[in-house]
Amino acid sequence: MKSTVFFAGVRARSPEDNLQNKVRRLFDAAGFPYIIKRGDLTAIKVHFGEEGNSSYVSPVLVRPIADRIRSAGGEPFLTDTNTLYGGSRSNSVRHLQTAEEHGFGRMVAGAPVIIADGLQGDNYREVTIEGKHFQQVKIAGEIASAQSMIVVSHFKGHLPAGFGGAIKNLGMGCAPPLGKSEQHSARPIFSAELCEGCRACAEACPKQAITVKKRITQIDYSLCTGCGKCLRLCPAHALDFDWVVEVPPFMERMVEYALGAVTGKKGRLGFINFLLNITPDCDCCPWSDAPIVPDIGILASKDPVAIDQASYDLVNQQTGLKNSLLERNREPGEDKFQGAWESTLGRVQLDYGHKIGLGRRDYCLEEV
């Protein structure tokens with residue numbers, strides 16, 4: 001049986017069709033009011049955006065979700081987890097400050113903000129799953145405690161994962177730093193003949209794992225977390241992952257963590273993907289590059305795999321935009337994320353999510 005994914009396009013010529021009203025219609029059409037019981041503490045899993053990033057989902061578009069949860073009898077709170085790589089969201093103090101600066105809070109987004117894994121990322125629960133890589137995964141405590149959850153995702157590119165949507169928002173986004181580290185475990189390799197000695201990698205490394213001397217880059221793998229920041233910033237492409245060996249297992253680990261994040265919430269989960277500002281990078285980057293395809297719309301579903309599959313298909317149906325990182329695969333039907341990141345294999349997370357029962361790849365799209 002196919003999963004239903006509800007879709008609202010981006011065009012609007014009347015107040016009834018503004019994006020906020022489309023979010024409300026999608027919330028109702030997908031049956032989300034019925035997954036929330038009166039008195040539920042309902043998590044709205046969002047990404048507040050790294051300082052310097054501007055492509056995260058606007059709090060103005062999160063507000064209708066919070067209002068709908070409250071109308072259904074739930075008590076909504078906005079949440080995310082602390083980062084592995086440092087930056088403006090590496091502890092709850094800085095994370096809350098960044099969320100506030102980006103407009104997230106009760107006055108705008110309609111709900112209070114709670115960082116789900118505590119002050120320094122040490123509030124989590126061990127959740128039992130049956131996976132190839134994990135038998136237990138670490139899920140942020142306040143997400144594990146929430147009785148219901150609406151997962152709000154900005155659908156965009158991602159260097160190692162291919163793309164980031166609902167699955168990544170669950171797997172990486174619901175894990176504390178220790179859980180994020182368990183998922184990454186991919187380490188960059190160095191090509192000395194390409195290195196220009198610019199030190200961009202060493203200066204950007206959040207763990208000071210890289211040193212450069214006379215165009216020779218040394219990586220201390222005991223410190224490296226595999227975040228991939230050095231790959232994005234190296235102008236000579238002297239750093240890379242072993243995409244064949246390391247990256248597919250990384251995505252499988254992420255999907256298993258996603259399974260852990262939904263464990264115990266059967267029938268109490270909803271997913272909303274925003275296909276707006278579809279940038280080549282994650283919102284964890286302290287910048288936002290030009291979109292690779294035009295804005296498409298908003299999707300809602302109770303199935304995280306189906307909504308990501310539908311999002312992936314809709315993006316690939318577009319004509320790629322010039323003046324973007326998209327250097328190939330611009331024609332409709334071609335993989336846009338591989339056009340931005342040649343070696344990525346985003347479909348792995350869809351295949352594996354279907355295989356382990358996180359959701360289904362086959363779906364029907366219903367416009368509202």
# chains A, B, ... in the order shown; residues from 1 in each chain; ligands from 1

$ closest_atom_pairs --of "range 35-136 of chain A" --to "range 277-287 of chain A" --cutoff "10 Å" --atoms "only C-alpha atoms" --output "Markdown table"
| residue | atom | partner | partner_atom | distance |
| --- | --- | --- | --- | --- |
| A:His47 | CA | A:Asp283 | CA | 7.5 |
| A:Phe48 | CA | A:Asp283 | CA | 8.3 |
| A:Gly49 | CA | A:Asp283 | CA | 5.3 |
| A:Glu50 | CA | A:Cys284 | CA | 5.1 |
| A:Glu51 | CA | A:Pro286 | CA | 5.5 |
| A:Gly52 | CA | A:Pro286 | CA | 4.4 |
| A:Asn53 | CA | A:Trp287 | CA | 4.4 |
| A:Ser54 | CA | A:Trp287 | CA | 7.1 |
| A:Ser55 | CA | A:Asn277 | CA | 6.0 |
| A:Tyr56 | CA | A:Asp283 | CA | 6.0 |
| A:Val57 | CA | A:Asn277 | CA | 9.0 |
| A:Thr83 | CA | A:Cys284 | CA | 8.7 |
| A:Tyr85 | CA | A:Cys284 | CA | 9.5 |
| A:Gly87 | CA | A:Pro286 | CA | 8.4 |
| A:Ser88 | CA | A:Pro286 | CA | 8.9 |
| A:Arg89 | CA | A:Cys284 | CA | 9.0 |

$ residues_around --residues "range 228-240 of chain A" --least-positions-apart "4" --cutoff "10 Å" --atoms "only C-alpha atoms" --output "PyMOL selection string"
chain A and resi 85+159-160+184+186-206+210+217+224+281+285

$ closest_residue --among "A:Ser3, A:Gln97, A:Gln183, A:Ser58" --to "Leu19 in chain A" --atoms "only C-alpha atoms"
A:Ser58

$ select_by_dssp --residues "range 15-259 of chain A" --states "strand (DSSP E or B)" --output "number ranges by chain"
A: 41-45, 75-80, 113-115, 124-128, 136-140, 148-154, 156-158, 162-164, 189-190, 210-213, 216-219, 239-240

$ write_last_selection --atoms "C-alpha atoms" --output "mmCIF file, in the first residue's frame"
data_model
loop_
_atom_site.group_PDB
_atom_site.id
_atom_site.type_symbol
_atom_site.label_atom_id
_atom_site.label_comp_id
_atom_site.auth_asym_id
_atom_site.auth_seq_id
_atom_site.Cartn_x
_atom_site.Cartn_y
_atom_site.Cartn_z
ATOM 1 C CA LEU A 41 3.735 17.729 25.056
ATOM 2 C CA THR A 42 4.304 17.946 21.312
ATOM 3 C CA ALA A 43 7.770 18.535 19.894
ATOM 4 C CA ILE A 44 8.114 20.621 16.742
ATOM 5 C CA LYS A 45 11.508 19.406 15.507
ATOM 6 C CA GLU A 75 1.232 21.868 24.140
ATOM 7 C CA PRO A 76 3.824 22.604 21.447
ATOM 8 C CA PHE A 77 7.499 23.359 21.949
ATOM 9 C CA LEU A 78 10.202 24.072 19.372
ATOM 10 C CA THR A 79 13.283 21.911 19.659
ATOM 11 C CA ASP A 80 16.615 20.887 18.181
ATOM 12 C CA VAL A 113 12.159 26.771 22.643
ATOM 13 C CA ILE A 114 13.661 23.796 24.490
ATOM 14 C CA ILE A 115 17.041 22.384 23.437
ATOM 15 C CA TYR A 124 19.791 11.605 26.138
ATOM 16 C CA ARG A 125 18.191 8.165 26.347
ATOM 17 C CA GLU A 126 19.439 4.863 25.001
ATOM 18 C CA VAL A 127 16.775 3.521 22.640
ATOM 19 C CA THR A 128 16.833 -0.133 21.563
ATOM 20 C CA GLN A 136 21.023 0.943 20.767
ATOM 21 C CA VAL A 137 21.021 4.582 19.700
ATOM 22 C CA LYS A 138 21.221 7.798 21.721
ATOM 23 C CA ILE A 139 18.146 10.036 21.345
ATOM 24 C CA ALA A 140 17.877 13.490 22.931
ATOM 25 C CA SER A 148 3.952 13.367 19.818
ATOM 26 C CA MET A 149 6.122 15.170 17.298
ATOM 27 C CA ILE A 150 5.846 17.181 14.082
ATOM 28 C CA VAL A 151 9.126 17.117 12.148
ATOM 29 C CA VAL A 152 9.609 20.302 10.114
ATOM 30 C CA SER A 153 12.404 20.030 7.541
ATOM 31 C CA HIS A 154 13.994 22.338 5.001
ATOM 32 C CA LYS A 156 18.125 20.858 0.586
ATOM 33 C CA GLY A 157 21.453 19.359 -0.441
ATOM 34 C CA HIS A 158 24.029 17.861 1.893
ATOM 35 C CA GLY A 162 23.230 13.718 -0.731
ATOM 36 C CA PHE A 163 20.227 15.599 0.607
ATOM 37 C CA GLY A 164 18.733 16.547 3.943
ATOM 38 C CA ILE A 189 41.687 11.495 3.019
ATOM 39 C CA PHE A 190 44.390 13.893 1.771
ATOM 40 C CA ILE A 210 44.303 19.441 10.924
ATOM 41 C CA THR A 211 47.766 20.950 10.648
ATOM 42 C CA VAL A 212 49.438 22.181 7.454
ATOM 43 C CA LYS A 213 53.215 22.464 7.023
ATOM 44 C CA ILE A 216 51.531 18.787 3.680
ATOM 45 C CA THR A 217 48.277 18.365 5.547
ATOM 46 C CA GLN A 218 48.216 16.076 8.561
ATOM 47 C CA ILE A 219 44.964 14.894 10.096
ATOM 48 C CA LEU A 239 40.522 16.521 0.803
ATOM 49 C CA ASP A 240 37.830 13.973 0.094
#

$ residues_around --residues "Lys355 in chain A" --least-positions-apart "6" --cutoff "12 Å" --atoms "only C-alpha atoms" --output "number ranges by chain"
A: 131-132, 252, 255-256, 259, 305, 348-349, 361

$ atom_distance --atom1 "CA of Leu178 in chain A" --atom2 "CA of Lys265 in chain A"
22.6 Å

$ closest_residue --among "A:Met1, A:Met172, A:Lys37, A:Phe155" --to "Asp295 in chain A" --atoms "only C-alpha atoms"
A:Phe155

$ select_by_dssp --residues "range 59-154 of chain A" --states "helix (DSSP H, G or I)" --output "count of residues only"
35

$ closest_residue --among "A:Arg347, A:Arg24, A:His102, A:Lys302" --to "Asp67 in chain A" --atoms "only C-alpha atoms"
A:Arg24

$ residues_around --residues "range 308-318 of chain A" --least-positions-apart "4" --cutoff "9 Å" --atoms "only C-alpha atoms" --output "ChimeraX atom specification"
/A:5,155,163-167,273-275,278,293-294,296,298-299,303-304,329-337,346-347,350,360-365

$ decode --residues "range 250-299 of chain A" --atoms "N, CA and C atoms" --output "PDB file, in the first residue's frame"
ATOM      1  N   PHE A 250      27.748   5.416   6.465  1.00  0.00           N
ATOM      2  CA  PHE A 250      27.354   6.607   7.220  1.00  0.00           C
ATOM      3  C   PHE A 250      25.855   6.853   7.090  1.00  0.00           C
ATOM      4  N   MET A 251      25.342   6.774   5.856  1.00  0.00           N
ATOM      5  CA  MET A 251      23.914   7.017   5.654  1.00  0.00           C
ATOM      6  C   MET A 251      23.058   5.938   6.309  1.00  0.00           C
ATOM      7  N   GLU A 252      23.535   4.705   6.291  1.00  0.00           N
ATOM      8  CA  GLU A 252      22.797   3.645   6.982  1.00  0.00           C
ATOM      9  C   GLU A 252      22.752   3.900   8.486  1.00  0.00           C
ATOM     10  N   ARG A 253      23.853   4.348   9.036  1.00  0.00           N
ATOM     11  CA  ARG A 253      23.864   4.658  10.475  1.00  0.00           C
ATOM     12  C   ARG A 253      22.884   5.799  10.783  1.00  0.00           C
ATOM     13  N   MET A 254      22.841   6.797   9.913  1.00  0.00           N
ATOM     14  CA  MET A 254      21.915   7.905  10.104  1.00  0.00           C
ATOM     15  C   MET A 254      20.462   7.430  10.058  1.00  0.00           C
ATOM     16  N   VAL A 255      20.156   6.534   9.134  1.00  0.00           N
ATOM     17  CA  VAL A 255      18.786   6.017   9.013  1.00  0.00           C
ATOM     18  C   VAL A 255      18.421   5.179  10.233  1.00  0.00           C
ATOM     19  N   GLU A 256      19.363   4.418  10.763  1.00  0.00           N
ATOM     20  CA  GLU A 256      19.081   3.647  11.974  1.00  0.00           C
ATOM     21  C   GLU A 256      18.813   4.575  13.161  1.00  0.00           C
ATOM     22  N   TYR A 257      19.528   5.669  13.224  1.00  0.00           N
ATOM     23  CA  TYR A 257      19.230   6.662  14.257  1.00  0.00           C
ATOM     24  C   TYR A 257      17.836   7.260  14.057  1.00  0.00           C
ATOM     25  N   ALA A 258      17.445   7.477  12.810  1.00  0.00           N
ATOM     26  CA  ALA A 258      16.093   7.975  12.534  1.00  0.00           C
ATOM     27  C   ALA A 258      15.051   6.993  13.054  1.00  0.00           C
ATOM     28  N   LEU A 259      15.315   5.705  12.875  1.00  0.00           N
ATOM     29  CA  LEU A 259      14.411   4.682  13.400  1.00  0.00           C
ATOM     30  C   LEU A 259      14.311   4.784  14.918  1.00  0.00           C
ATOM     31  N   GLY A 260      15.435   5.026  15.576  1.00  0.00           N
ATOM     32  CA  GLY A 260      15.416   5.205  17.025  1.00  0.00           C
ATOM     33  C   GLY A 260      14.613   6.416  17.452  1.00  0.00           C
ATOM     34  N   ALA A 261      14.683   7.492  16.652  1.00  0.00           N
ATOM     35  CA  ALA A 261      13.973   8.727  17.004  1.00  0.00           C
ATOM     36  C   ALA A 261      12.460   8.560  16.951  1.00  0.00           C
ATOM     37  N   VAL A 262      11.951   7.673  16.091  1.00  0.00           N
ATOM     38  CA  VAL A 262      10.497   7.477  15.992  1.00  0.00           C
ATOM     39  C   VAL A 262      10.001   6.331  16.867  1.00  0.00           C
ATOM     40  N   THR A 263      10.922   5.564  17.448  1.00  0.00           N
ATOM     41  CA  THR A 263      10.528   4.438  18.283  1.00  0.00           C
ATOM     42  C   THR A 263       9.708   4.930  19.479  1.00  0.00           C
ATOM     43  N   GLY A 264       8.587   4.276  19.714  1.00  0.00           N
ATOM     44  CA  GLY A 264       7.712   4.658  20.819  1.00  0.00           C
ATOM     45  C   GLY A 264       6.686   5.713  20.457  1.00  0.00           C
ATOM     46  N   LYS A 265       6.689   6.190  19.219  1.00  0.00           N
ATOM     47  CA  LYS A 265       5.747   7.231  18.798  1.00  0.00           C
ATOM     48  C   LYS A 265       4.910   6.791  17.601  1.00  0.00           C
ATOM     49  N   LYS A 266       4.644   5.524  17.475  1.00  0.00           N
ATOM     50  CA  LYS A 266       3.856   5.028  16.360  1.00  0.00           C
ATOM     51  C   LYS A 266       2.479   5.694  16.342  1.00  0.00           C
ATOM     52  N   GLY A 267       2.123   6.247  15.186  1.00  0.00           N
ATOM     53  CA  GLY A 267       0.847   6.927  15.054  1.00  0.00           C
ATOM     54  C   GLY A 267       0.800   8.304  15.670  1.00  0.00           C
ATOM     55  N   ARG A 268       1.946   8.792  16.155  1.00  0.00           N
ATOM     56  CA  ARG A 268       1.980  10.096  16.830  1.00  0.00           C
ATOM     57  C   ARG A 268       2.966  11.046  16.159  1.00  0.00           C
ATOM     58  N   LEU A 269       3.237  10.818  14.866  1.00  0.00           N
ATOM     59  CA  LEU A 269       4.262  11.564  14.139  1.00  0.00           C
ATOM     60  C   LEU A 269       3.709  12.159  12.856  1.00  0.00           C
ATOM     61  N   GLY A 270       4.128  13.390  12.567  1.00  0.00           N
ATOM     62  CA  GLY A 270       3.820  14.024  11.295  1.00  0.00           C
ATOM     63  C   GLY A 270       5.059  14.690  10.732  1.00  0.00           C
ATOM     64  N   PHE A 271       5.134  14.778   9.412  1.00  0.00           N
ATOM     65  CA  PHE A 271       6.320  15.317   8.743  1.00  0.00           C
ATOM     66  C   PHE A 271       5.907  16.374   7.731  1.00  0.00           C
ATOM     67  N   ILE A 272       6.593  17.521   7.763  1.00  0.00           N
ATOM     68  CA  ILE A 272       6.359  18.598   6.811  1.00  0.00           C
ATOM     69  C   ILE A 272       7.700  18.992   6.206  1.00  0.00           C
ATOM     70  N   ASN A 273       7.822  18.900   4.885  1.00  0.00           N
ATOM     71  CA  ASN A 273       9.030  19.302   4.167  1.00  0.00           C
ATOM     72  C   ASN A 273       8.768  20.583   3.394  1.00  0.00           C
ATOM     73  N   PHE A 274       9.644  21.562   3.558  1.00  0.00           N
ATOM     74  CA  PHE A 274       9.557  22.816   2.823  1.00  0.00           C
ATOM     75  C   PHE A 274      10.550  22.771   1.667  1.00  0.00           C
ATOM     76  N   LEU A 275      10.045  22.793   0.443  1.00  0.00           N
ATOM     77  CA  LEU A 275      10.884  22.791  -0.752  1.00  0.00           C
ATOM     78  C   LEU A 275      11.010  24.228  -1.247  1.00  0.00           C
ATOM     79  N   LEU A 276      11.630  25.040  -0.401  1.00  0.00           N
ATOM     80  CA  LEU A 276      11.867  26.460  -0.656  1.00  0.00           C
ATOM     81  C   LEU A 276      13.345  26.734  -0.407  1.00  0.00           C
ATOM     82  N   ASN A 277      13.934  27.650  -1.178  1.00  0.00           N
ATOM     83  CA  ASN A 277      15.362  27.949  -1.003  1.00  0.00           C
ATOM     84  C   ASN A 277      16.181  26.658  -0.968  1.00  0.00           C
ATOM     85  N   ILE A 278      16.074  25.869  -2.021  1.00  0.00           N
ATOM     86  CA  ILE A 278      16.702  24.548  -2.049  1.00  0.00           C
ATOM     87  C   ILE A 278      18.184  24.724  -2.379  1.00  0.00           C
ATOM     88  N   THR A 279      18.953  24.924  -1.328  1.00  0.00           N
ATOM     89  CA  THR A 279      20.382  25.216  -1.434  1.00  0.00           C
ATOM     90  C   THR A 279      21.190  23.923  -1.519  1.00  0.00           C
ATOM     91  N   PRO A 280      22.452  23.992  -1.949  1.00  0.00           N
ATOM     92  CA  PRO A 280      23.266  22.772  -2.038  1.00  0.00           C
ATOM     93  C   PRO A 280      23.800  22.288  -0.701  1.00  0.00           C
ATOM     94  N   ASP A 281      23.740  23.145   0.345  1.00  0.00           N
ATOM     95  CA  ASP A 281      24.352  22.818   1.632  1.00  0.00           C
ATOM     96  C   ASP A 281      23.308  22.718   2.738  1.00  0.00           C
ATOM     97  N   CYS A 282      23.719  22.069   3.817  1.00  0.00           N
ATOM     98  CA  CYS A 282      22.902  21.979   5.027  1.00  0.00           C
ATOM     99  C   CYS A 282      22.774  23.356   5.685  1.00  0.00           C
ATOM    100  N   ASP A 283      21.729  23.560   6.464  1.00  0.00           N
ATOM    101  CA  ASP A 283      21.553  24.810   7.206  1.00  0.00           C
ATOM    102  C   ASP A 283      22.524  24.919   8.377  1.00  0.00           C
ATOM    103  N   CYS A 284      23.342  23.895   8.591  1.00  0.00           N
ATOM    104  CA  CYS A 284      24.425  23.979   9.576  1.00  0.00           C
ATOM    105  C   CYS A 284      25.565  24.861   9.081  1.00  0.00           C
ATOM    106  N   CYS A 285      25.616  25.134   7.787  1.00  0.00           N
ATOM    107  CA  CYS A 285      26.666  26.011   7.253  1.00  0.00           C
ATOM    108  C   CYS A 285      26.391  27.454   7.662  1.00  0.00           C
ATOM    109  N   PRO A 286      27.413  28.217   8.001  1.00  0.00           N
ATOM    110  CA  PRO A 286      27.209  29.627   8.365  1.00  0.00           C
ATOM    111  C   PRO A 286      27.111  30.521   7.129  1.00  0.00           C
ATOM    112  N   TRP A 287      26.467  30.025   6.095  1.00  0.00           N
ATOM    113  CA  TRP A 287      26.165  30.789   4.883  1.00  0.00           C
ATOM    114  C   TRP A 287      25.006  30.086   4.192  1.00  0.00           C
ATOM    115  N   SER A 288      24.424  30.742   3.200  1.00  0.00           N
ATOM    116  CA  SER A 288      23.396  30.122   2.353  1.00  0.00           C
ATOM    117  C   SER A 288      23.739  30.436   0.904  1.00  0.00           C
ATOM    118  N   ASP A 289      24.070  29.409   0.149  1.00  0.00           N
ATOM    119  CA  ASP A 289      24.402  29.574  -1.265  1.00  0.00           C
ATOM    120  C   ASP A 289      23.116  29.765  -2.073  1.00  0.00           C
ATOM    121  N   ALA A 290      23.268  30.122  -3.341  1.00  0.00           N
ATOM    122  CA  ALA A 290      22.124  30.293  -4.231  1.00  0.00           C
ATOM    123  C   ALA A 290      21.386  28.964  -4.400  1.00  0.00           C
ATOM    124  N   PRO A 291      20.057  28.990  -4.500  1.00  0.00           N
ATOM    125  CA  PRO A 291      19.288  27.758  -4.723  1.00  0.00           C
ATOM    126  C   PRO A 291      19.687  27.084  -6.030  1.00  0.00           C
ATOM    127  N   ILE A 292      19.580  25.751  -6.063  1.00  0.00           N
ATOM    128  CA  ILE A 292      19.948  24.998  -7.266  1.00  0.00           C
ATOM    129  C   ILE A 292      18.756  24.751  -8.189  1.00  0.00           C
ATOM    130  N   VAL A 293      17.524  24.865  -7.657  1.00  0.00           N
ATOM    131  CA  VAL A 293      16.303  24.755  -8.462  1.00  0.00           C
ATOM    132  C   VAL A 293      15.315  25.806  -7.950  1.00  0.00           C
ATOM    133  N   PRO A 294      14.268  26.106  -8.712  1.00  0.00           N
ATOM    134  CA  PRO A 294      13.261  27.063  -8.231  1.00  0.00           C
ATOM    135  C   PRO A 294      12.512  26.529  -7.018  1.00  0.00           C
ATOM    136  N   ASP A 295      11.876  27.437  -6.276  1.00  0.00           N
ATOM    137  CA  ASP A 295      10.979  27.024  -5.189  1.00  0.00           C
ATOM    138  C   ASP A 295       9.874  26.139  -5.753  1.00  0.00           C
ATOM    139  N   ILE A 296       9.463  25.130  -4.977  1.00  0.00           N
ATOM    140  CA  ILE A 296       8.493  24.144  -5.462  1.00  0.00           C
ATOM    141  C   ILE A 296       7.213  24.160  -4.639  1.00  0.00           C
ATOM    142  N   GLY A 297       7.324  24.094  -3.316  1.00  0.00           N
ATOM    143  CA  GLY A 297       6.132  24.050  -2.487  1.00  0.00           C
ATOM    144  C   GLY A 297       6.393  23.392  -1.156  1.00  0.00           C
ATOM    145  N   ILE A 298       5.338  22.871  -0.549  1.00  0.00           N
ATOM    146  CA  ILE A 298       5.387  22.284   0.787  1.00  0.00           C
ATOM    147  C   ILE A 298       4.700  20.921   0.728  1.00  0.00           C
ATOM    148  N   LEU A 299       5.259  19.930   1.451  1.00  0.00           N
ATOM    149  CA  LEU A 299       4.707  18.584   1.497  1.00  0.00           C
ATOM    150  C   LEU A 299       4.420  18.182   2.935  1.00  0.00           C
TER     151      LEU A 299
END
